[in-house]
Number of protein chains: 4
Amino acid sequence: MTKLTFPVLIINMKTYSESLGKRALELARVAEKVSKDLGVCIAVCPQYVDLRLVAENVDIPVLAQHADTVDPGAHTGHVTLEAVKDAGAIGTLVNHSERRLRLDEIRMVIEKARRLDLVTVVCAATAEESGAVAILNPAAVAVEPPELIGTGRAVSREKPEVITRSVDLVKKVSPNVPVLCGAGVESGEDVKRALELGAQGVLVASAIVKAPKWEDKVREMALGLLPRR
Amino acid sequence: MTKLTFPVLIINMKTYSESLGKRALELARVAEKVSKDLGVCIAVCPQYVDLRLVAENVDIPVLAQHADTVDPGAHTGHVTLEAVKDAGAIGTLVNHSERRLRLDEIRMVIEKARRLDLVTVVCAATAEESGAVAILNPAAVAVEPPELIGTGRAVSREKPEVITRSVDLVKKVSPNVPVLCGAGVESGEDVKRALELGAQGVLVASAIVKAPKWEDKVREMALGLLPRR
Amino acid sequence: MTKLTFPVLIINMKTYSESLGKRALELARVAEKVSKDLGVCIAVCPQYVDLRLVAENVDIPVLAQHADTVDPGAHTGHVTLEAVKDAGAIGTLVNHSERRLRLDEIRMVIEKARRLDLVTVVCAATAEESGAVAILNPAAVAVEPPELIGTGRAVSREKPEVITRSVDLVKKVSPNVPVLCGAGVESGEDVKRALELGAQGVLVASAIVKAPKWEDKVREMALGLLPRR
Amino acid sequence: MTKLTFPVLIINMKTYSESLGKRALELARVAEKVSKDLGVCIAVCPQYVDLRLVAENVDIPVLAQHADTVDPGAHTGHVTLEAVKDAGAIGTLVNHSERRLRLDEIRMVIEKARRLDLVTVVCAATAEESGAVAILNPAAVAVEPPELIGTGRAVSREKPEVITRSVDLVKKVSPNVPVLCGAGVESGEDVKRALELGAQGVLVASAIVKAPKWEDKVREMALGLLPRR
């Protein structure tokens, strides 16, 4: 099942060496296994060179980490949404804090992705930015205070108001756009708290990619998405 | 044989839809066939998402179209040289006119590629730029006056002095760096003329990618690289 | 009176040679004269090198055309808001179609300007972008479909729905933020129509800067801002 | 005397608040006084908004800190060389480590400056980059290892080989282009050493701008340019 459903755990493999090539596929398979075990949507974002490899071999949603706005043609060294789609991905992250885009580019990528039946998960640094990108109607907004990324200090613990204000603002302008959150999220407990604050999923990178045992960590986080019993 | 040798025909697939995915592989196989038939080095530059697919399936040099300077790590949406290498490419184009880089980035990519045993073919817009990048000791310099790219008006016919001056300048500063040329090159005759002017190969995109019969066009161009008999 | 009030006519001098140096000051004096004659707010946006010259010599609002997000310090070749303020400007255009910014930069400039008591007039390409930047609470939003800029085909005639939808969206998210419009606006009639559509002013460049008689054209446009009698 | 002559002391005011507005003029006047006292060329690089103010009021060379490649026209928020010239500057720094440019932009700015009778002092991070930009024939090359900028550890003490190799490489490709150096230079002794290594001047920022007594520090550095008696 390769459609994005919510709540969702999105694993951003960044350009970590731990998740390159064969290991990208391994990690994706772990995600697929846990996703099936728990019945929870888990998506992965491999590096460009691994998109096709991963998408062809797992049955979970695969997203690119970024795509350019250009159409197919004479654009050496760019990443078109058409290529992303051809590789088997169902969409892309947009405007990640490590790959920020101009506002007009964000809009153009969202619009073009919609025409190509691709989804966009657009990152935002603050609640205000969450609202701003929500107006452009992406598939989801992921709010990540950049100062917490990679720190292990989870946004859901350290800055819960960023999540609640994002949820409020997004609800006001585009009620159907789910809000995800990221930055410092590293435990199942962090994930649970995020959902209690109104988020419909999390975007995670180092906490999983650099975990000693991928399956344990993915399972822990995915369990955080499930309603408390 | 996946080492870059000279003279060389480099086929830049850009982000053309005609050379995406399966068709990238087809084109690469055509290049491989002609390369073996004629004993001439032909390299291909597929899109990122096709790098691995192509490199795993043909026995000719595969280059990326661009690579970022960042090391593996928290760099969402970037292309590391490590990823390029892992995908099976032997190096990358650098500073193509559609993906220009800062001078310090060009230097850093060349230096890092050298450490990783990857080759760099660095593009330049003018003879002076050819000299400038040659000082940084890439595997080759490819001079392409941007105003001729994609026009069908070959640099070797329209601006032969750009080639001869590039060759002179590069010889002066880095005698071992071969000069290639591109821009508007579309026939075997254009290729021959380029070699007569001192170039040791050509960088071609649309003339091949958009040719009605790939094999005929690749063969025609590759023949242009062979010494007149 | 150097505060921005609405309705407003903002004259963007771009980097036109017709409005550089002494001529920037001349144009600003024409704007000042018409502003006083008609009791209408007219602001000017000179080039960086002319900001101080103009601001010291006229009594109308002066805006920069762009400012960087960096604070004072080791940032060679940048334009700080502190420098803009020191030069006597009351604020800056942000995200003009010829100087697009990343979303996070737009937010940071708006926030920082607010702290420094400077105003920001943030440009947007579409109604959706207007809504997006309005959420960030700038002093005003200026919607300009880039494809009409400099064409003489006024947005208020050619794409009136861009203005009305911008006004609606901005009202929804930030009711106190006035919407201006630009792109192709070249007559007093275009200005009137813009106001009828809900805009509270216009952003004009070539129509005034390249007019044979500046005063006539500025007066014509400013009159378009006045309520019909 | 507003021509650049060598040896030269170039004072980069960056966007420091200590050298903004009135204080930029004060610092420029100090430089002018010391320059006349000692008969040594001292140039200053104020912020854009201060270019005209400074150039109109001192009789020493004034340079911009950066200029864009665009021609006058519809380029909101850019800095044209024409504006730099109109403001009274005799040229510009290019490619400073805090404002790196693409190689083709460096070439275009140098070429355009030459047509406008403006000088370009092009920064480089390494000896190889020094050689690369020297081929493009700027008025001078300024080599500054970025890792030493602002540290107080002078390039002439810490990495003397960067200077000597730059001088050698530049001599080889463009014998008439003087090499300056910068980064960490903070005393007259550092300046002397730079000249002994073959440099024909220094590019200094914080060591002067943040000095408690501008005149003392400027004099100390300028004295370092004079031949030992």
# chains A, B, ... in the order shown; residues from 1 in each chain; ligands from 1
>>> residues_around(residues="C:Ala134", least_positions_apart="6", cutoff="12 Å", atoms="only C-alpha atoms", output="VMD selection string")
(chain A and resid 128 to 129 131 to 133 135 173) or (chain C and resid 106 to 107 110 120 to 124 127 to 128 140 to 143 166 to 180)
>>> write_last_selection(atoms="C-alpha atoms", output="PDB file, in the first residue's frame")
ATOM      1  CA  GLU A 128       3.335  31.124  10.864  1.00  0.00           C
ATOM      2  CA  GLU A 129       5.209  29.371   8.080  1.00  0.00           C
ATOM      3  CA  GLY A 131      -0.049  28.499   7.996  1.00  0.00           C
ATOM      4  CA  ALA A 132       1.569  30.137   5.003  1.00  0.00           C
ATOM      5  CA  VAL A 133       2.335  26.881   3.231  1.00  0.00           C
ATOM      6  CA  ILE A 135      -2.724  28.005   2.098  1.00  0.00           C
ATOM      7  CA  VAL A 173      -6.775  28.306   6.426  1.00  0.00           C
TER       8      VAL A 173
ATOM      9  CA  ILE C 106      10.545  36.413   3.979  1.00  0.00           C
ATOM     10  CA  ARG C 107       9.421  35.574   7.485  1.00  0.00           C
ATOM     11  CA  ILE C 110       9.250  40.736   8.239  1.00  0.00           C
ATOM     12  CA  THR C 120       7.663  45.579   4.760  1.00  0.00           C
ATOM     13  CA  VAL C 121       5.727  45.490   1.516  1.00  0.00           C
ATOM     14  CA  VAL C 122       5.877  41.868   0.475  1.00  0.00           C
ATOM     15  CA  CYS C 123       5.345  40.892  -3.139  1.00  0.00           C
ATOM     16  CA  ALA C 124       3.438  37.798  -4.229  1.00  0.00           C
ATOM     17  CA  ALA C 127      -3.586  35.087  -4.806  1.00  0.00           C
ATOM     18  CA  GLU C 128      -2.419  32.029  -2.870  1.00  0.00           C
ATOM     19  CA  ALA C 140       1.224  45.314   3.079  1.00  0.00           C
ATOM     20  CA  VAL C 141       1.070  42.660   0.387  1.00  0.00           C
ATOM     21  CA  ALA C 142       1.621  43.545  -3.261  1.00  0.00           C
ATOM     22  CA  VAL C 143       0.334  40.994  -5.713  1.00  0.00           C
ATOM     23  CA  SER C 166      -5.922  38.131  -3.067  1.00  0.00           C
ATOM     24  CA  VAL C 167      -8.098  40.585  -1.192  1.00  0.00           C
ATOM     25  CA  ASP C 168     -10.427  37.800  -0.095  1.00  0.00           C
ATOM     26  CA  LEU C 169      -7.655  35.476   1.037  1.00  0.00           C
ATOM     27  CA  VAL C 170      -5.724  38.182   2.849  1.00  0.00           C
ATOM     28  CA  LYS C 171      -8.901  39.400   4.559  1.00  0.00           C
ATOM     29  CA  LYS C 172      -9.491  35.882   5.788  1.00  0.00           C
ATOM     30  CA  VAL C 173      -6.074  35.403   7.374  1.00  0.00           C
ATOM     31  CA  SER C 174      -4.920  38.904   8.282  1.00  0.00           C
ATOM     32  CA  PRO C 175      -7.790  41.379   7.934  1.00  0.00           C
ATOM     33  CA  ASN C 176      -5.620  44.408   8.674  1.00  0.00           C
ATOM     34  CA  VAL C 177      -3.068  43.850   5.953  1.00  0.00           C
ATOM     35  CA  PRO C 178      -3.762  46.031   2.905  1.00  0.00           C
ATOM     36  CA  VAL C 179      -3.390  44.502  -0.546  1.00  0.00           C
ATOM     37  CA  LEU C 180      -1.634  46.461  -3.268  1.00  0.00           C
TER      38      LEU C 180
END
>>> select_by_dssp(residues="stretch 16-186 of chain D", states="alpha helix (DSSP H)", output="ChimeraX atom specification")
/D:22-38,48-55,81-86,103-115,127-134,155-158,160-173
>>> select_by_dssp(residues="stretch 12-225 of chain D", states="strand (DSSP E)", output="count of residues only")
30
>>> closest_residue(among="A:Asp50, A:Asp59, A:Glu111, A:Asp37", to="chain C", atoms="only C-alpha atoms")
A:Glu111
>>> residues_around(residues="A:Pro227", least_positions_apart="6", cutoff="10 Å", atoms="only C-alpha atoms", output="PyMOL selection string")
chain A and resi 192+195-196
>>> residues_around(residues="B:Asp71", least_positions_apart="4", cutoff="8 Å", atoms="only C-alpha atoms", output="ChimeraX atom specification")
/B:80-82
>>> closest_residue(among="B:Val185, B:Ala67, B:Val155, B:Val202", to="chain A", atoms="only C-alpha atoms")
B:Ala67
>>> interface_residues(of="chain D", to="chain C", cutoff="10 Å", atoms="only C-alpha atoms", output="PyMOL selection string")
chain D and resi 12-22+45-53+64-67+70-80+82-88+92-100+149-150+205-206
